[in-house]
$ cat model.txt   # compact mmCIF, C-alpha atoms
# COMPACT_ATOMS: atom_id res chain seq x y z
CA MET D 1352 2.13 -40.30 118.60
CA THR D 1353 -1.46 -40.06 117.37
CA THR D 1354 -3.49 -42.64 115.46
CA LYS D 1355 -5.59 -41.57 112.50
CA LEU D 1356 -7.96 -43.20 110.02
CA LEU D 1357 -7.52 -43.03 106.26
CA GLN D 1358 -8.56 -39.64 104.83
CA GLU D 1359 -8.89 -38.17 108.33
CA ALA D 1360 -7.25 -34.74 108.52
CA VAL D 1361 -4.03 -34.53 110.57
CA LEU D 1362 -4.22 -31.07 112.12
CA ASP D 1363 -0.94 -31.15 114.03
CA GLY D 1364 1.48 -28.83 112.26
CA GLY D 1365 -1.17 -27.49 109.90
CA ILE D 1366 -0.94 -23.86 108.73
CA ARG D 1367 -3.79 -21.86 110.23
CA SER D 1368 -4.91 -18.80 108.28
CA VAL D 1369 -7.77 -16.40 108.96
CA ASN D 1370 -11.14 -17.29 107.46
CA PHE D 1371 -12.43 -14.08 105.84
CA PHE D 1372 -16.17 -13.52 105.38
CA ASN D 1373 -18.47 -10.56 105.02
CA GLY D 1374 -19.43 -9.12 108.37
CA ARG D 1375 -16.42 -10.45 110.27
CA LEU D 1376 -14.78 -7.99 112.64
CA LEU D 1377 -11.07 -7.91 111.84
CA THR D 1378 -8.44 -6.90 114.35
CA GLY D 1379 -4.74 -6.23 114.03
CA LYS D 1380 -4.09 -9.64 115.55
CA ASP D 1381 -6.12 -11.31 112.77
CA LEU D 1382 -4.04 -9.65 110.05
CA SER D 1383 -0.83 -10.57 111.88
CA ARG D 1384 -1.99 -14.18 111.96
CA GLU D 1385 -2.51 -14.08 108.20
CA GLN D 1386 1.00 -12.71 107.69
CA ASP D 1387 2.44 -15.40 109.92
CA ALA D 1388 0.63 -18.12 107.93
CA ARG D 1389 2.22 -16.79 104.75
CA ARG D 1390 5.67 -16.76 106.38
CA GLN D 1391 5.24 -20.31 107.63
CA SER D 1392 4.27 -21.51 104.14
CA ASP D 1393 7.28 -19.74 102.59
CA ARG D 1394 9.65 -21.32 105.11
CA ARG D 1395 8.39 -24.82 104.39
CA ILE D 1396 9.06 -24.30 100.69
CA ALA D 1397 12.55 -23.04 101.54
CA GLN D 1398 13.19 -26.05 103.80
CA ALA D 1399 12.28 -28.37 100.91
CA ASN D 1400 14.90 -26.72 98.68
CA GLY D 1401 17.69 -26.87 101.25
CA HIS D 1402 19.75 -24.65 103.54
CA GLY D 1403 23.09 -22.89 103.24
CA ILE D 1404 24.54 -19.96 101.33
CA ALA D 1405 23.04 -19.22 97.93
CA TRP D 1406 25.61 -16.58 96.93
CA GLY D 1407 27.88 -13.96 98.44
CA LEU D 1408 28.42 -13.49 102.20
CA GLU D 1409 32.19 -13.95 101.89
CA VAL D 1410 34.02 -13.02 105.10
CA GLU D 1411 37.49 -11.46 105.30
CA ASN D 1412 39.62 -9.99 108.05
CA VAL D 1413 39.96 -6.20 108.33
CA PRO D 1414 43.51 -5.93 109.71
CA ALA D 1415 43.46 -2.32 110.95
CA GLY D 1416 41.94 -1.16 114.26
CA ASP D 1417 39.61 -3.21 116.47
CA PRO D 1418 39.00 -6.88 115.55
CA ARG D 1419 36.64 -6.58 112.61
CA VAL D 1420 35.56 -8.63 109.61
CA ARG D 1421 34.09 -7.49 106.32
CA VAL D 1422 31.09 -9.43 104.99
CA GLN D 1423 30.03 -9.16 101.36
CA PRO D 1424 26.38 -8.87 100.27
CA GLY D 1425 24.59 -12.15 99.76
CA LEU D 1426 21.67 -14.47 100.36
CA ALA D 1427 21.38 -17.54 102.58
CA VAL D 1428 18.66 -19.87 103.84
CA SER D 1429 18.67 -21.21 107.40
CA ARG D 1430 17.60 -24.70 108.48
CA SER D 1431 14.35 -23.19 109.72
CA GLY D 1432 13.64 -21.86 106.23
CA ARG D 1433 14.43 -18.21 106.90
CA ALA D 1434 15.77 -16.31 103.90
CA LEU D 1435 18.58 -14.06 105.18
CA TYR D 1436 19.60 -11.24 102.85
CA LEU D 1437 22.47 -8.82 103.36
CA GLU D 1438 22.00 -5.82 101.09
CA SER D 1439 25.46 -4.24 101.14
CA GLU D 1440 29.03 -4.81 102.24
CA THR D 1441 29.17 -4.64 106.04
CA GLU D 1442 32.00 -4.40 108.56
CA VAL D 1443 31.30 -6.20 111.83
CA THR D 1444 33.13 -5.31 115.04
CA LEU D 1445 33.70 -8.52 117.00
CA GLY D 1446 34.56 -7.00 120.36
CA ARG D 1447 31.08 -6.17 121.60
CA ARG D 1448 27.40 -6.81 121.04
CA ALA D 1449 24.70 -4.19 120.55
CA PRO D 1450 22.26 -3.53 123.41
CA PRO D 1451 18.92 -5.34 123.19
CA ARG D 1452 16.06 -3.80 121.22
CA ALA D 1453 12.37 -4.28 121.90
CA VAL D 1454 10.61 -6.16 119.10
CA ALA D 1455 6.99 -6.91 118.42
CA SER D 1456 5.67 -10.24 119.65
CA ARG D 1457 4.46 -12.66 116.99
CA THR D 1458 2.02 -15.53 117.01
CA PHE D 1459 4.45 -17.59 114.95
CA ASP D 1460 8.16 -17.19 115.70
CA ASP D 1461 10.71 -20.02 115.53
CA CYS D 1462 13.74 -17.90 116.49
CA GLY D 1463 12.80 -16.83 119.99
CA ARG D 1464 15.94 -18.43 121.48
CA LEU D 1465 18.40 -15.95 119.99
CA THR D 1466 20.10 -14.05 122.79
CA SER D 1467 21.22 -10.46 123.01
CA GLY D 1468 22.85 -8.13 125.51
CA THR D 1469 26.21 -6.57 126.32
CA TYR D 1470 29.18 -8.64 125.29
CA ALA D 1471 32.97 -8.61 125.05
CA ALA D 1472 34.80 -11.32 123.12
CA ALA D 1473 37.61 -12.99 125.07
CA PRO D 1474 40.51 -14.63 123.23
CA GLY D 1475 39.43 -17.91 121.71
CA ILE D 1476 37.86 -19.61 118.70
CA TYR D 1477 34.40 -18.55 117.58
CA LEU D 1478 31.75 -19.31 115.02
CA LEU D 1479 30.43 -16.28 113.13
CA THR D 1480 26.83 -16.70 111.97
CA LEU D 1481 24.14 -14.76 110.20
CA ALA D 1482 20.74 -14.85 111.91
CA PRO D 1483 17.36 -13.14 111.58
CA ALA D 1484 16.59 -9.93 113.44
CA GLU D 1485 13.64 -7.57 113.63
CA ASP D 1486 13.30 -3.87 114.23
CA ARG D 1487 10.67 -1.13 114.10
CA GLU D 1488 10.47 1.96 111.94
CA GLY D 1489 8.18 4.98 112.10
CA LYS D 1490 4.86 5.71 113.79
CA ALA D 1491 1.45 4.96 112.31
CA LEU D 1492 -1.58 7.25 112.50
CA THR D 1493 -4.31 6.10 114.88
CA HIS D 1494 -7.83 7.18 115.88
CA ALA D 1495 -6.68 8.07 119.36
CA LEU D 1496 -6.60 11.73 120.36
CA ASP D 1497 -3.17 11.21 121.85
CA ASP D 1498 -0.76 8.90 119.95
CA ALA D 1499 1.16 8.38 123.20
CA ALA D 1500 -1.85 6.46 124.50
CA VAL D 1501 -1.33 3.82 121.76
CA PRO D 1502 2.01 2.15 122.54
CA CYS D 1503 1.82 -0.28 119.60
CA ASN D 1504 1.53 2.31 116.83
CA THR D 1505 4.69 1.19 115.00
CA ASP D 1506 4.37 1.85 111.27
CA THR D 1507 6.72 -0.86 109.93
CA LEU D 1508 8.22 -4.08 111.22
CA VAL D 1509 11.53 -4.73 109.44
CA GLU D 1510 12.64 -8.34 108.93
CA ALA D 1511 16.43 -7.91 108.98
CA VAL D 1512 19.60 -9.84 109.81
CA GLN D 1513 22.19 -9.78 112.58
CA PHE D 1514 25.66 -11.25 113.10
CA ARG D 1515 26.35 -13.52 116.06
CA LEU D 1516 29.62 -14.82 117.52
CA LEU D 1517 29.41 -18.19 119.30
CA PRO D 1518 32.32 -19.61 121.36
CA LEU D 1519 33.73 -23.01 120.34
CA GLY D 1520 36.57 -23.41 122.82
CA GLN D 1521 34.82 -26.01 124.98
CA LEU D 1522 34.49 -28.32 121.96
CA LEU D 1523 38.14 -28.12 120.89
CA GLU D 1524 40.17 -29.11 123.94
CA ASP D 1525 41.07 -32.49 122.39
CA GLU D 1526 42.39 -30.76 119.27
CA ARG D 1527 44.63 -28.52 121.39
CA LEU D 1528 46.00 -31.58 123.18
CA ALA D 1529 46.64 -33.39 119.87
CA ILE D 1530 48.71 -30.46 118.61
CA ASP D 1531 50.63 -30.09 121.88
CA GLN D 1532 51.46 -33.82 121.92
CA ARG D 1533 53.03 -33.92 118.45
CA PRO D 1534 56.55 -35.47 118.55
CA SER D 1535 58.08 -32.39 116.90
CA LYS D 1536 56.87 -29.30 118.73
CA PRO D 1537 55.50 -26.85 116.14
CA ASP D 1538 56.48 -23.20 116.23
CA ALA D 1539 53.79 -20.52 116.53
CA PRO D 1540 52.98 -20.18 112.78
CA ALA D 1541 52.89 -23.96 112.34
CA LYS D 1542 50.70 -24.38 115.43
CA LEU D 1543 48.24 -21.80 114.11
CA SER D 1544 48.08 -23.58 110.75
CA LEU D 1545 47.52 -26.95 112.44
CA TRP D 1546 44.72 -25.42 114.53
CA ARG D 1547 43.02 -24.16 111.40
CA ASN D 1548 43.44 -27.47 109.58
CA ARG D 1549 42.20 -29.67 112.43
CA ILE D 1550 39.21 -27.45 113.22
CA ALA D 1551 38.16 -27.50 109.57
CA HIS D 1552 38.25 -31.29 109.39
CA ARG D 1553 36.31 -31.57 112.64
CA CYS D 1554 33.65 -29.48 110.92
CA PHE D 1555 33.81 -31.72 107.84
CA GLY D 1556 33.15 -34.75 110.04
CA ALA D 1557 36.38 -36.62 109.25
CA ASP D 1558 35.95 -38.79 112.36
CA ALA D 1559 32.36 -39.68 111.38
CA LEU D 1560 33.51 -40.61 107.87
CA ARG D 1561 36.22 -42.89 109.26
CA ALA D 1562 33.65 -44.51 111.54
CA PHE D 1563 31.30 -45.09 108.60
CA ILE D 1564 34.04 -46.70 106.51
CA THR D 1565 34.88 -48.99 109.43
CA ASP D 1566 31.25 -49.84 110.22
CA PRO D 1567 28.92 -49.00 107.30
CA LEU D 1568 25.92 -50.66 108.95
CA GLY D 1569 26.35 -49.09 112.35
CA ALA D 1570 27.82 -45.62 111.81
CA GLY D 1571 27.38 -42.64 109.52
CA LYS D 1572 24.17 -41.28 111.00
CA GLU D 1573 23.50 -37.57 111.45
CA PRO D 1574 24.15 -35.34 113.27
CA TYR D 1575 27.94 -35.29 113.05
CA GLY D 1576 30.71 -32.70 112.85
CA LEU D 1577 31.91 -29.99 115.20
CA LEU D 1578 28.81 -27.81 114.94
CA ALA D 1579 26.56 -30.69 116.01
CA GLY D 1580 27.91 -30.03 119.52
CA LEU D 1581 26.34 -26.55 119.42
CA ALA D 1582 22.98 -27.58 118.00
CA ASP D 1583 19.99 -26.82 120.22
CA LYS D 1584 22.33 -24.80 122.46
CA ALA D 1585 23.99 -21.64 121.25
CA LEU D 1586 23.51 -22.51 117.57
CA SER D 1587 19.87 -22.42 116.49
CA ASP D 1588 18.16 -23.60 113.31
CA CYS D 1589 17.84 -19.92 112.39
CA ASP D 1590 21.63 -19.37 112.24
CA VAL D 1591 23.62 -19.74 109.02
CA PRO D 1592 27.34 -20.38 109.73
CA LEU D 1593 29.66 -18.01 107.87
CA ALA D 1594 33.18 -18.58 109.20
CA ILE D 1595 35.43 -19.78 112.02
CA VAL D 1596 37.31 -16.88 113.64
CA LYS D 1597 40.37 -17.27 115.88
CA LEU D 1598 40.51 -14.16 117.99
CA GLU D 1599 43.32 -13.04 120.29
CA VAL D 1600 44.27 -9.36 120.61
CA ASN D 1601 43.71 -9.28 116.87
CA ILE D 1602 42.21 -11.84 114.50
CA ASP D 1603 44.64 -14.71 113.86
CA PHE D 1604 42.63 -16.19 111.02
CA VAL D 1605 39.20 -16.22 109.41
CA ASP D 1606 38.36 -19.61 107.91
CA GLN D 1607 35.22 -19.52 105.77
CA TRP D 1608 35.02 -22.93 104.16
CA SER D 1609 35.32 -24.95 107.35
CA VAL D 1610 31.63 -24.07 107.97
CA ARG D 1611 30.48 -22.26 104.80
CA ARG D 1612 28.29 -24.49 102.61
CA ARG D 1613 26.32 -24.04 99.42
CA ILE D 1614 22.57 -24.67 99.49
CA THR D 1615 22.34 -28.31 100.59
CA GLN D 1616 19.22 -30.44 100.54
CA ARG D 1617 18.26 -32.50 103.56
CA CYS D 1618 18.66 -36.23 103.16
CA ALA D 1619 15.50 -38.21 102.45
CA ALA D 1620 17.36 -41.52 102.73
CA GLY D 1621 17.02 -41.82 106.50
CA ALA D 1622 19.86 -44.03 107.74
CA TRP D 1623 22.16 -43.53 104.74
CA PRO D 1624 23.13 -39.84 104.60
CA MET D 1625 26.79 -40.63 103.86
CA VAL D 1626 26.03 -42.31 100.53
CA ALA D 1627 22.67 -40.86 99.50
CA GLY D 1628 22.64 -37.33 100.93
CA ASP D 1629 23.74 -34.03 99.41
CA ARG D 1630 25.70 -33.02 102.50
CA ARG D 1631 28.77 -35.20 101.83
CA LEU D 1632 29.26 -33.74 98.34
CA ALA D 1633 28.88 -30.21 99.71
CA GLU D 1634 31.49 -31.03 102.35
CA GLY D 1635 33.80 -32.42 99.67
CA GLU D 1636 33.54 -29.16 97.74
CA ALA D 1637 34.15 -27.16 100.92
CA MET D 1638 37.16 -29.34 101.81
CA PHE D 1639 38.82 -28.51 98.48
CA LEU D 1640 38.01 -24.79 98.73
CA GLN D 1641 39.12 -24.58 102.38
CA PHE D 1642 42.52 -26.04 101.57
CA GLN D 1643 43.07 -23.68 98.63
CA GLU D 1644 42.16 -20.67 100.78
CA HIS D 1645 44.30 -21.92 103.68
CA LEU D 1646 47.28 -22.55 101.39
CA ALA D 1647 46.92 -19.09 99.83
CA SER D 1648 47.05 -17.50 103.29
CA LEU D 1649 50.23 -19.45 104.12
CA LEU D 1650 51.88 -18.42 100.86
CA GLY D 1651 51.06 -14.73 101.32
CA SER D 1652 53.05 -12.84 98.73
CA SER D 1653 55.09 -15.91 97.77
CA ALA D 1654 54.50 -17.13 94.24
CA ASP D 1655 54.97 -20.82 95.00
CA ALA D 1656 55.11 -23.40 97.79
CA ARG D 1657 58.86 -23.90 98.11
CA GLY D 1658 58.86 -22.71 101.73
CA ILE D 1659 56.08 -24.96 103.04
CA SER D 1660 56.17 -28.52 104.35
CA ALA D 1661 52.79 -30.26 104.42
CA LEU D 1662 53.66 -32.36 107.48
CA GLN D 1663 54.53 -29.24 109.48
CA ARG D 1664 51.41 -27.23 108.54
CA PHE D 1665 48.66 -29.82 107.96
CA ASP D 1666 47.38 -33.03 109.48
CA TYR D 1667 44.90 -33.53 106.63
CA LEU D 1668 44.84 -32.69 102.94
CA PRO D 1669 41.76 -32.76 100.73
CA PRO D 1670 41.43 -35.73 98.34
CA ALA D 1671 42.69 -33.48 95.52
CA GLY D 1672 44.06 -29.97 95.20
CA PHE D 1673 46.37 -27.51 93.46
CA ILE D 1674 49.79 -26.29 94.61
CA PRO D 1675 51.56 -23.29 92.99
CA MET D 1676 54.93 -24.16 91.49
CA PRO D 1677 57.98 -22.09 90.42
CA GLY D 1678 57.56 -23.19 86.80
CA ASN D 1679 61.12 -24.39 86.10
CA PRO D 1680 62.57 -27.91 86.53
CA THR D 1681 64.97 -27.05 89.36
CA GLY D 1682 62.47 -24.95 91.32
CA ASP D 1683 59.67 -27.46 90.82
CA ALA D 1684 61.79 -30.34 92.08
CA ALA D 1685 62.76 -28.32 95.18
CA ALA D 1686 59.14 -27.29 95.87
CA ILE D 1687 57.85 -30.86 95.52
CA ALA D 1688 60.62 -32.26 97.74
CA ARG D 1689 59.90 -29.64 100.41
CA PHE D 1690 56.10 -29.77 100.42
CA PHE D 1691 55.84 -33.58 100.29
CA ASP D 1692 58.86 -34.30 102.49
CA GLY D 1693 58.17 -37.45 104.52
CA LEU D 1694 55.11 -38.43 102.44
CA THR D 1695 54.67 -41.23 99.92
CA VAL D 1696 54.20 -39.76 96.44
CA ARG D 1697 54.41 -40.93 92.85
CA GLY D 1698 55.00 -38.58 89.94
CA PRO D 1699 54.60 -35.97 88.77
CA ALA D 1700 53.15 -37.35 85.53
CA HIS D 1701 51.46 -35.38 82.77
CA MET D 1702 47.67 -35.51 82.60
CA GLU D 1703 45.48 -34.04 79.88
CA GLY D 1704 43.54 -30.93 80.86
CA ALA D 1705 40.34 -32.63 79.69
CA ASN D 1706 40.61 -34.90 82.75
CA LEU D 1707 41.26 -32.13 85.27
CA GLU D 1708 37.71 -31.03 86.12
CA ARG D 1709 36.55 -34.63 86.43
CA LEU D 1710 39.44 -35.40 88.79
CA ILE D 1711 38.53 -32.55 91.13
CA ARG D 1712 34.78 -33.26 91.05
CA ASP D 1713 35.28 -36.98 91.63
CA SER D 1714 37.48 -36.19 94.63
CA TYR D 1715 34.50 -34.73 96.52
CA ALA D 1716 33.27 -38.26 97.22
CA TYR D 1717 36.60 -39.44 98.70
CA PRO D 1718 37.80 -39.12 102.30
CA PRO D 1719 40.56 -36.62 103.13
CA ILE D 1720 44.21 -37.63 103.04
CA ASP D 1721 45.39 -38.36 106.59
CA LEU D 1722 49.07 -37.45 106.49
CA ALA D 1723 49.83 -39.82 109.36
CA SER D 1724 48.56 -42.82 107.36
CA GLY D 1725 51.45 -42.97 104.86
CA GLU D 1726 49.01 -43.51 101.98
CA LEU D 1727 50.15 -42.86 98.41
CA ILE D 1728 49.55 -39.46 96.82
CA TRP D 1729 49.48 -39.05 93.02
CA LEU D 1730 51.20 -35.98 91.58
CA TYR D 1731 50.34 -34.55 88.16
CA TYR D 1732 51.27 -31.73 85.84
CA VAL D 1733 48.52 -30.52 83.53
CA ARG D 1734 49.83 -30.90 79.98
CA GLU D 1735 48.40 -27.63 78.68
CA ASN D 1736 49.82 -25.70 81.66
CA ARG D 1737 53.33 -27.12 81.25
CA GLN D 1738 53.25 -26.71 77.49
CA ALA D 1739 52.39 -23.01 77.78
CA LEU D 1740 55.28 -22.54 80.23
CA ASP D 1741 57.80 -24.52 78.16
CA TYR D 1742 56.88 -22.66 74.97
CA LYS D 1743 56.93 -19.31 76.83
CA LEU D 1744 53.48 -18.35 75.63
CA THR D 1745 52.12 -14.96 76.63
CA PRO D 1746 50.43 -14.21 78.85
CA ALA D 1747 52.27 -16.83 80.87
CA PRO D 1748 50.07 -18.95 83.18
CA ARG D 1749 50.97 -19.70 86.80
CA ALA D 1750 52.64 -23.07 87.14
CA CYS D 1751 50.71 -25.58 89.23
CA LEU D 1752 50.94 -29.12 90.51
CA VAL D 1753 47.87 -31.29 91.05
CA PHE D 1754 47.82 -33.87 93.85
CA ALA D 1755 45.23 -36.58 94.46
CA THR D 1756 44.69 -39.35 96.97
CA GLY D 1757 46.13 -42.69 95.93
CA HIS D 1758 42.66 -44.20 96.31
CA MET D 1759 41.55 -42.37 93.16
CA PRO D 1760 42.22 -43.99 89.75
CA TYR D 1761 45.43 -43.00 87.99
CA ARG D 1762 44.64 -40.20 85.50
CA ALA D 1763 47.82 -39.95 83.38
CA ASP D 1764 47.62 -43.00 81.09
CA ALA D 1765 48.79 -42.23 77.56
CA ARG D 1766 45.95 -42.46 75.01
CA PHE D 1767 46.48 -43.16 71.32
CA ASN D 1768 45.73 -40.08 69.18
CA LEU D 1769 45.05 -37.99 72.31
CA SER D 1770 48.39 -37.74 74.12
CA ARG D 1771 51.36 -35.62 72.97
CA TRP D 1772 54.54 -37.65 72.52
CA ASP D 1773 56.65 -35.17 74.51
CA TYR D 1774 54.10 -34.85 77.36
CA ALA D 1775 52.80 -38.44 77.51
CA ASN D 1776 53.37 -41.16 80.06
CA THR D 1777 53.81 -44.89 79.85
CA PRO D 1778 50.81 -46.57 81.50
CA ILE D 1779 51.74 -47.91 84.91
CA ASP D 1780 51.50 -51.61 85.80
CA ARG D 1781 48.47 -52.47 87.84
$ encode --input "model.txt" --output "structure tokens"
Amino acid sequence: MTTKLLQEAVLDGGIRSVNFFNGRLLTGKDLSREQDARRQSDRRIAQANGHGIAWGLEVENVPAGDPRVRVQPGLAVSRSGRALYLESETEVTLGRRAPPRAVASRTFDDCGRLTSGTYAAAPGIYLLTLAPAEDREGKALTHALDDAAVPCNTDTLVEAVQFRLLPLGQLLEDERLAIDQRPSKPDAPAKLSLWRNRIAHRCFGADALRAFITDPLGAGKEPYGLLAGLADKALSDCDVPLAIVKLEVNIDFVDQWSVRRRITQRCAAGAWPMVAGDRRLAEGEAMFLQFQEHLASLLGSSADARGISALQRFDYLPPAGFIPMPGNPTGDAAAIARFFDGLTVRGPAHMEGANLERLIRDSYAYPPIDLASGELIWLYYVRENRQALDYKLTPAPRACLVFATGHMPYRADARFNLSRWDYANTPIDR
């Protein structure tokens, strides 16, 4: 720590650019320093706006051939402030890594820790990231008689991106044990689903949130979550997480939203990131989206959730979510009984569609539903959805059920002049 007087310049961390004046002899190094100063300034602006995925960069499994994923075009910003842009749809082979390439040395470079070399992915669980890369293109003209005598005559330095695969197995041994020690031994599909669910909620920081609720004055500090165990090791501030990949002979699953986040601002509240930071809301959004994507993968070609039991496939549910239904009284009753078998539920009641968006958005600030806790879960039908199905309107919508944690306020109270008599509910006693 240094001590300074008022109005005395603090030079540590200052951006140093070249001072141009008539008569100065400029070298290539001077111009490189000026470029680096501009990059450093741009990254500080980016860091002030936040880090995460701005748009695109969706990851999906390519089932045929070698283990591969397809990544859509998009833009992201790393914690270090690097803007990472993928121009076009790209397929990434996960079985091996490209040989190292020589790159130009820079005066300012905050991503020097990224590793390269030959590589073969063993079975396990991995984090797929997008990171900066650099390459050279072309040869520049020089004053030398022989261009071979000028080894640094590269015409263009290309700021590009690369994909990296980081192993997570050493951080997940306790999750494997928790699944193996369940009273009812899950079969292979159920075990895979439980893996995906538990890994996602480790990434969301469910344990840190429970600790904060128990001890608000002593817990809830950053860093937390599964990826905090990789920070300053394999995972650098220049990496942007894209997806969790479970890889055996083929890819078992690709889970984007366990680690994928929108642009999220850093918390300026110091010791209170859980209640004042943007990260918790971004994690709440991701928790909802991860469940919907996970459920869709379990359903496959099935139109509804009659064949799925929540207790067999999940240990956690998001605070609110949607479940596809058959759309008829008998089928709906069977699907609800199957999915929520062994859980405490109330409903379904009819809620007005005007309350639906608010319910989902409010849920982002609530903790996940721990299925082992026995806590109440509200069930709702959306009035407009059920009305369209009952009246056989065309085109017919997909039937859905909304669930929400019992800690959220009840959203199906009948309202005078707003509720329909045949889709209303009697307010519950409180």
$ residues_around --input "model.txt" --residues "Ile1659 (chain D)" --least-positions-apart "4" --cutoff "8 Å" --atoms "only C-alpha atoms" --output "list in words"
Gln1663, Arg1664, Arg1689 and Phe1690 of chain D
$ write_last_selection --input "model.txt" --atoms "C-alpha atoms" --output "tab-separated table (two decimals), in the frame of the given file"
chain	number	residue	atom	x	y	z
D	1663	GLN	CA	54.53	-29.24	109.48
D	1664	ARG	CA	51.41	-27.23	108.54
D	1689	ARG	CA	59.90	-29.64	100.41
D	1690	PHE	CA	56.10	-29.77	100.42
$ residues_near_point --input "model.txt" --point "(28.0, -10.5, 102.2)" --cutoff "6 Å" --atoms "only C-alpha atoms" --output "NGL selection string"
:D and (1407-1409 or 1422-1425 or 1437 or 1440)
$ residues_around --input "model.txt" --residues "Gln1641 (chain D)" --least-positions-apart "3" --cutoff "8 Å" --atoms "all atoms listed in the file" --output "PyMOL selection string"
chain D and resi 1551+1606-1609+1637-1638+1644-1645
$ atom_distance --input "model.txt" --atom1 "CA of Leu1516 (chain D)" --atom2 "CA of Tyr1477 (chain D)"
6.1 Å
$ residues_around --input "model.txt" --residues "region 1485-1487 of chain D" --least-positions-apart "6" --cutoff "7 Å" --atoms "only C-alpha atoms" --output "PyMOL selection string"
chain D and resi 1454+1505+1507-1511
$ atom_distance --input "model.txt" --atom1 "CA of Lys1572 (chain D)" --atom2 "CA of Gly1628 (chain D)"
10.9 Å
$ atom_distance --input "model.txt" --atom1 "CA of Asp1525 (chain D)" --atom2 "CA of Leu1568 (chain D)"
27.2 Å
$ residues_around --input "model.txt" --residues "Glu1573 (chain D)" --least-positions-apart "4" --cutoff "9 Å" --atoms "only C-alpha atoms" --output "count of residues only"
4
$ closest_residue --input "model.txt" --among "D:Gly1682, D:Gly1672, D:Gly1432, D:Gly1576" --to "Cys1589 (chain D)" --atoms "all atoms listed in the file"
D:Gly1432
$ closest_residue --input "model.txt" --among "D:Arg1389, D:Arg1394, D:Arg1547, D:His1758" --to "Ser1714 (chain D)" --atoms "all atoms listed in the file"
D:His1758
$ residues_near_point --input "model.txt" --point "(51.9, -15.5, 84.8)" --cutoff "12 Å" --atoms "only C-alpha atoms" --output "list in words"
Ala1654, Asp1655, Pro1675, Met1676, Pro1677, Gly1678, Asn1736, Ala1739, Leu1740, Lys1743, Leu1744, Thr1745, Pro1746, Ala1747, Pro1748, Arg1749, Ala1750 and Cys1751 of chain D
$ residues_around --input "model.txt" --residues "Val1413 (chain D)" --least-positions-apart "4" --cutoff "12 Å" --atoms "all atoms listed in the file" --output "CSV table (one decimal) with C-alpha atoms, in the frame of the given file"
chain,number,residue,atom,x,y,z
D,1417,ASP,CA,39.6,-3.2,116.5
D,1418,PRO,CA,39.0,-6.9,115.6
D,1419,ARG,CA,36.6,-6.6,112.6
D,1420,VAL,CA,35.6,-8.6,109.6
D,1421,ARG,CA,34.1,-7.5,106.3
D,1422,VAL,CA,31.1,-9.4,105.0
D,1441,THR,CA,29.2,-4.6,106.0
D,1442,GLU,CA,32.0,-4.4,108.6
D,1443,VAL,CA,31.3,-6.2,111.8
D,1444,THR,CA,33.1,-5.3,115.0
D,1445,LEU,CA,33.7,-8.5,117.0
D,1601,ASN,CA,43.7,-9.3,116.9
D,1602,ILE,CA,42.2,-11.8,114.5
D,1603,ASP,CA,44.6,-14.7,113.9
D,1604,PHE,CA,42.6,-16.2,111.0
D,1605,VAL,CA,39.2,-16.2,109.4
$ build_atoms --input "model.txt" --residues "region 1527-1534 of chain D" --atoms "N, CA, C and O atoms" --output "compact mmCIF listing (two decimals), in the frame of the given file"
# COMPACT_ATOMS: atom_id res chain seq x y z
N ARG D 1527 43.48 -29.21 120.80
CA ARG D 1527 44.63 -28.52 121.39
C ARG D 1527 45.63 -29.53 121.94
O ARG D 1527 46.85 -29.40 121.75
N LEU D 1528 45.12 -30.56 122.62
CA LEU D 1528 46.00 -31.58 123.18
C LEU D 1528 46.72 -32.35 122.08
O LEU D 1528 47.91 -32.68 122.21
N ALA D 1529 46.02 -32.65 120.97
CA ALA D 1529 46.64 -33.39 119.87
C ALA D 1529 47.79 -32.60 119.26
O ALA D 1529 48.83 -33.17 118.90
N ILE D 1530 47.65 -31.30 119.17
CA ILE D 1530 48.71 -30.46 118.61
C ILE D 1530 49.88 -30.37 119.59
O ILE D 1530 51.05 -30.48 119.21
N ASP D 1531 49.57 -30.21 120.88
CA ASP D 1531 50.63 -30.09 121.88
C ASP D 1531 51.43 -31.39 122.04
O ASP D 1531 52.60 -31.37 122.45
N GLN D 1532 50.81 -32.53 121.72
CA GLN D 1532 51.46 -33.82 121.92
C GLN D 1532 52.18 -34.32 120.67
O GLN D 1532 52.67 -35.45 120.65
N ARG D 1533 52.29 -33.51 119.65
CA ARG D 1533 53.03 -33.92 118.45
C ARG D 1533 54.50 -34.15 118.81
O ARG D 1533 55.08 -33.42 119.61
N PRO D 1534 55.14 -35.18 118.21
CA PRO D 1534 56.55 -35.47 118.55
C PRO D 1534 57.47 -34.27 118.30
O PRO D 1534 58.34 -33.98 119.12
